[in-house]
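Heads up, start-v1.txt below (compact mmCIF, C-alpha atoms and all ligand atoms):
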```txt
# COMPACT_ATOMS: atom_id res chain seq x y z
CA MET A 1 3.68 -18.41 7.75
CA PHE A 2 4.70 -15.35 9.70
CA SER A 3 3.42 -14.99 13.20
CA ARG A 4 1.04 -12.17 13.91
CA ARG A 5 3.53 -10.88 16.48
CA SER A 6 6.42 -10.54 14.04
CA LEU A 7 4.05 -8.93 11.57
CA VAL A 8 2.92 -6.39 14.13
CA VAL A 9 6.49 -5.64 15.25
CA VAL A 10 7.76 -5.04 11.73
CA LEU A 11 4.75 -3.04 10.70
CA ALA A 12 4.73 -1.01 13.90
CA MET A 13 8.24 0.13 13.01
CA MET A 14 7.09 1.06 9.56
CA VAL A 15 4.04 2.92 10.81
CA ALA A 16 6.23 4.76 13.33
CA ALA A 17 8.55 6.02 10.60
CA PRO A 18 8.42 9.79 10.10
CA ALA A 19 6.75 9.57 6.73
CA ARG A 20 3.44 7.82 7.09
CA ALA A 21 3.06 7.47 3.38
CA HIS A 22 5.55 5.03 1.99
CA GLY A 23 6.38 2.82 -0.90
CA PRO A 24 9.39 1.37 -2.55
CA GLN A 25 11.60 3.48 -4.70
CA GLY A 26 10.69 3.56 -8.32
CA MET A 27 7.03 2.65 -8.07
CA SER A 28 5.19 4.20 -10.98
CA GLY A 29 1.67 5.20 -11.91
CA GLY A 30 1.93 8.90 -11.13
CA LYS A 31 3.00 10.95 -8.13
CA LEU A 32 1.77 12.32 -4.83
CA GLY A 33 -0.93 14.86 -5.64
CA ASP A 34 -1.82 18.31 -4.41
CA PRO A 35 -4.82 17.91 -2.07
CA ALA A 36 -6.30 21.16 -3.45
CA LYS A 37 -6.44 19.60 -6.91
CA ALA A 38 -8.27 16.42 -5.90
CA THR A 39 -11.44 16.09 -7.96
CA ARG A 40 -12.66 12.83 -6.50
CA THR A 41 -12.57 10.97 -3.19
CA VAL A 42 -12.37 7.20 -3.10
CA GLU A 43 -13.04 5.50 0.21
CA VAL A 44 -11.44 2.12 0.74
CA VAL A 45 -12.05 -0.16 3.71
CA ALA A 46 -9.43 -2.80 4.51
CA THR A 47 -10.12 -5.99 6.46
CA GLU A 48 -8.46 -9.47 6.61
CA ASN A 49 -7.60 -9.80 3.83
CA ALA A 50 -9.62 -7.76 1.41
CA PHE A 51 -10.34 -4.26 0.15
CA SER A 52 -13.85 -2.91 -0.20
CA ILE A 53 -13.08 -2.02 -3.84
CA LYS A 54 -12.12 -4.68 -6.35
CA SER A 55 -10.92 -2.42 -9.16
CA LEU A 56 -10.52 1.24 -9.96
CA GLU A 57 -11.02 3.30 -13.10
CA VAL A 58 -9.10 6.55 -13.39
CA ARG A 59 -8.32 9.17 -16.02
CA ASP A 60 -4.81 10.09 -17.07
CA GLY A 61 -3.80 13.10 -14.96
CA GLU A 62 -6.67 12.70 -12.50
CA THR A 63 -6.01 13.57 -8.85
CA ILE A 64 -7.82 11.37 -6.34
CA ARG A 65 -8.04 11.63 -2.58
CA PHE A 66 -7.96 8.15 -1.08
CA ILE A 67 -9.34 7.60 2.38
CA LEU A 68 -8.21 4.25 3.68
CA ARG A 69 -9.96 2.90 6.76
CA ASN A 70 -8.64 -0.20 8.47
CA ASP A 71 -11.53 -2.16 9.99
CA GLY A 72 -9.29 -5.20 10.52
CA MET A 73 -7.10 -6.55 13.33
CA ASP A 74 -3.84 -6.35 11.37
CA PRO A 75 -2.10 -3.39 9.77
CA HIS A 76 -2.80 -2.97 6.08
CA GLU A 77 -1.37 -0.86 3.33
CA PHE A 78 -2.74 0.57 0.13
CA LEU A 79 -0.04 1.06 -2.45
CA ILE A 80 -0.07 1.99 -6.09
CA GLY A 81 2.40 0.35 -8.48
CA THR A 82 2.69 -1.98 -11.41
CA LYS A 83 2.25 -5.73 -10.98
CA ALA A 84 6.03 -6.16 -11.28
CA GLU A 85 6.70 -3.46 -8.68
CA HIS A 86 4.31 -5.06 -6.22
CA ALA A 87 6.06 -8.41 -6.75
CA GLU A 88 9.39 -6.73 -5.98
CA HIS A 89 8.01 -4.94 -2.91
CA LEU A 90 6.47 -8.18 -1.65
CA LYS A 91 9.93 -9.79 -1.82
CA MET A 92 11.39 -6.96 0.27
CA MET A 93 8.60 -7.27 2.81
CA ARG A 94 9.21 -11.02 3.11
CA ALA A 95 12.93 -10.45 3.59
CA MET A 96 12.20 -7.95 6.38
CA MET A 97 9.89 -10.39 8.10
CA GLU A 98 12.49 -13.18 7.85
CA ALA A 99 15.17 -10.89 9.32
CA GLN A 100 12.84 -10.04 12.20
CA LYS A 101 12.47 -13.72 13.11
CA LYS A 102 16.24 -14.28 13.53
CA PRO A 103 17.86 -13.69 16.95
CA GLY A 104 19.06 -10.10 17.03
CA GLY A 105 17.08 -9.42 13.90
CA VAL A 106 16.29 -6.03 12.47
CA HIS A 107 15.68 -3.31 15.01
CA SER A 108 15.13 -0.48 12.66
CA HIS A 109 13.76 -0.02 9.27
CA SER A 110 14.94 2.71 7.03
CA GLY A 111 16.12 3.12 3.52
CA PRO A 112 14.76 3.76 0.09
CA MET A 113 11.57 1.86 0.76
CA MET A 114 10.35 4.50 3.19
CA ASP A 115 11.41 7.46 1.12
CA HIS A 116 8.96 7.26 -1.70
CA ALA A 117 5.30 7.74 -1.21
CA SER A 118 3.02 5.67 -3.36
CA GLY A 119 0.48 4.84 -0.71
CA VAL A 120 -0.25 4.50 2.98
CA MET A 121 0.09 2.00 5.77
CA VAL A 122 -2.78 2.05 8.26
CA ALA A 123 -2.86 0.58 11.75
CA PRO A 124 -5.96 -1.35 12.90
CA GLY A 125 -8.86 0.95 13.69
CA LYS A 126 -7.22 3.94 12.00
CA THR A 127 -7.94 5.96 8.90
CA ALA A 128 -5.36 7.56 6.62
CA THR A 129 -5.63 9.83 3.62
CA PHE A 130 -3.35 10.28 0.68
CA VAL A 131 -3.66 12.10 -2.59
CA TRP A 132 -2.37 10.72 -5.86
CA THR A 133 -2.15 12.16 -9.37
CA PHE A 134 -2.33 9.34 -11.88
CA ALA A 135 -0.19 9.02 -15.00
CA ARG A 136 -1.16 6.47 -17.59
CA THR A 137 0.73 3.25 -16.83
CA ALA A 138 0.22 -0.30 -17.99
CA ASP A 139 -0.41 -3.11 -15.51
CA LEU A 140 -1.14 -0.74 -12.64
CA GLU A 141 -2.57 -2.17 -9.42
CA PHE A 142 -3.49 -1.05 -5.94
CA ALA A 143 -2.42 -3.61 -3.38
CA CYS A 144 -1.43 -4.44 0.18
CA ASP A 145 2.04 -5.95 -0.07
CA ILE A 146 2.13 -7.39 3.43
CA PRO A 147 3.15 -11.03 2.98
CA GLY A 148 0.06 -13.19 2.61
CA HIS A 149 -2.31 -10.29 2.03
CA TYR A 150 -1.55 -9.73 -1.63
CA GLU A 151 -1.90 -13.45 -2.24
CA ASP A 152 -5.23 -13.50 -0.38
CA GLY A 153 -6.59 -10.94 -2.80
CA MET A 154 -5.75 -7.53 -1.36
CA ARG A 155 -5.17 -6.15 -4.82
CA GLY A 156 -7.09 -4.81 -7.79
CA PRO A 157 -6.43 -3.47 -11.25
CA ILE A 158 -6.30 0.26 -12.00
CA THR A 159 -7.44 0.96 -15.53
CA PHE A 160 -7.24 4.22 -17.44
CA VAL A 161 -10.53 5.09 -19.07
CA ARG A 162 -9.05 7.79 -21.29
CU CU B 201 -3.19 -6.10 4.16
```

Have the structure of the file written as structure tokens, please.
Ligand SMILES: [Cu+2]
Amino acid sequence: MFSRRSLVVVLAMMVAAPARAHGPQGMSGGKLGDPAKATRTVEVVATENAFSIKSLEVRDGETIRFILRNDGMDPHEFLIGTKAEHAEHLKMMRAMMEAQKKPGGVHSHSGPMMDHASGVMVAPGKTATFVWTFARTADLEFACDIPGHYEDGMRGPITFVR
């Protein structure tokens, strides 16, 4: 398993990136929303390794303000994407963590993964907000794709009620 130190180093770099919201390129399920159009607020608390919500029901076109509070000791993220996209993102995260463990490993993190916002990464003790407008998508999930966390159950289905 990855050490807590390497996790914190990698994630600290990610959190320090200019765009706080991040997600891999091509994640689907909608787009970043206009905060003025948010019609609902959903509060989510993250701990090791679980979210306070187990599933989420949304309407096609609905704009939701998510407030993610990290009550844990590790960084956590809350990302929206399909099951397949989370699996792909998880692979990238693992590769980054492996690179970090090698001598002279990665010292910076940039690239497409940081350029697209489909969620937020939150440091321990912090709270972050992001607004998302949903578009009907099959197999949509919210999840924390930090290696180990997704597997521990930091994920839940997003279903469209109409
Ligand atoms: Cu997590």

Exercise. When the cut-off is 6 Å and you count only C-alpha atoms and all ligand atoms, which residues lie near ligand CU 201 (chain B), shown as a ChimeraX atom specification?
Worked result: /A:49,76-77,144,146,149

May I have the selected residues written with C-alpha atoms, as a compact mmCIF listing (two decimals), in the coordinates of the input?
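The file below, result_27.txt, is the result:
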```
# COMPACT_ATOMS: atom_id res chain seq x y z
CA ASN A 49 -7.60 -9.80 3.83
CA HIS A 76 -2.80 -2.97 6.08
CA GLU A 77 -1.37 -0.86 3.33
CA CYS A 144 -1.43 -4.44 0.18
CA ILE A 146 2.13 -7.39 3.43
CA HIS A 149 -2.31 -10.29 2.03
```

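When all atoms listed in the file are used to compute distances to Arg155 of chain A, the closest of the residues A:Asn70, A:Thr63, A:Ser52, A:Thr133 turns out to be A:Ser52.
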
For this session: Write out as number ranges by chain the residues lying within 8 Å of Arg136 of chain A, counting only C-alpha atoms and excluding same-chain residues fewer than 3 positions away.
Result: A: 29-30, 59-61, 160

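For the pair atom CA of Met97 of chain A and atom CA of Gly148 of chain A, the interatomic distance is 11.6 Å.
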
Problem set entry | Long-range neighbours of Ile64 of chain A as a list in words, 10 Å cut-off, only C-alpha atoms, 2 positions minimum in chain | Leu32, Gly33, Asp34, Pro35, Lys37, Ala38, Thr39, Arg40, Thr41, Val42, Val58, Arg59, Gly61, Glu62, Phe66, Ile67, Phe130, Val131, Trp132, Thr133 and Phe134 of chain A

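Using all atoms listed in the file, the contacts of Ala87 of chain A at a cut-off of 12 Å, with sequence neighbours closer than 6 positions omitted, comprise Pro24, Met27, Gly81, Met93, Arg94, Glu141, Ala143, Cys144, Asp145, Ile146, Pro147, Tyr150, Glu151 and Arg155 of chain A.
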
Restricting the output to C-alpha atoms, write the selected residues as a compact mmCIF listing (two decimals), in the frame of the given file.
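After the write, again.txt holds the following:
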```
# COMPACT_ATOMS: atom_id res chain seq x y z
CA PRO A 24 9.39 1.37 -2.55
CA MET A 27 7.03 2.65 -8.07
CA GLY A 81 2.40 0.35 -8.48
CA MET A 93 8.60 -7.27 2.81
CA ARG A 94 9.21 -11.02 3.11
CA GLU A 141 -2.57 -2.17 -9.42
CA ALA A 143 -2.42 -3.61 -3.38
CA CYS A 144 -1.43 -4.44 0.18
CA ASP A 145 2.04 -5.95 -0.07
CA ILE A 146 2.13 -7.39 3.43
CA PRO A 147 3.15 -11.03 2.98
CA TYR A 150 -1.55 -9.73 -1.63
CA GLU A 151 -1.90 -13.45 -2.24
CA ARG A 155 -5.17 -6.15 -4.82
```

6 Å per side around segment 63-80 of chain A: axis-aligned box centre and edge lengths, as JSON:
```
{"center_x": -5.8, "center_y": 3.5, "center_z": 2.2, "size_x": 23.5, "size_y": 32.1, "size_z": 34.2}
```

Problem set entry | Separation of atom CA of Phe142 of chain A from atom CA of Asp74 of chain A in Å | 18.1 Å

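Between atom CA of Gly156 of chain A and atom CA of Pro75 of chain A lies a distance of 18.3 Å.
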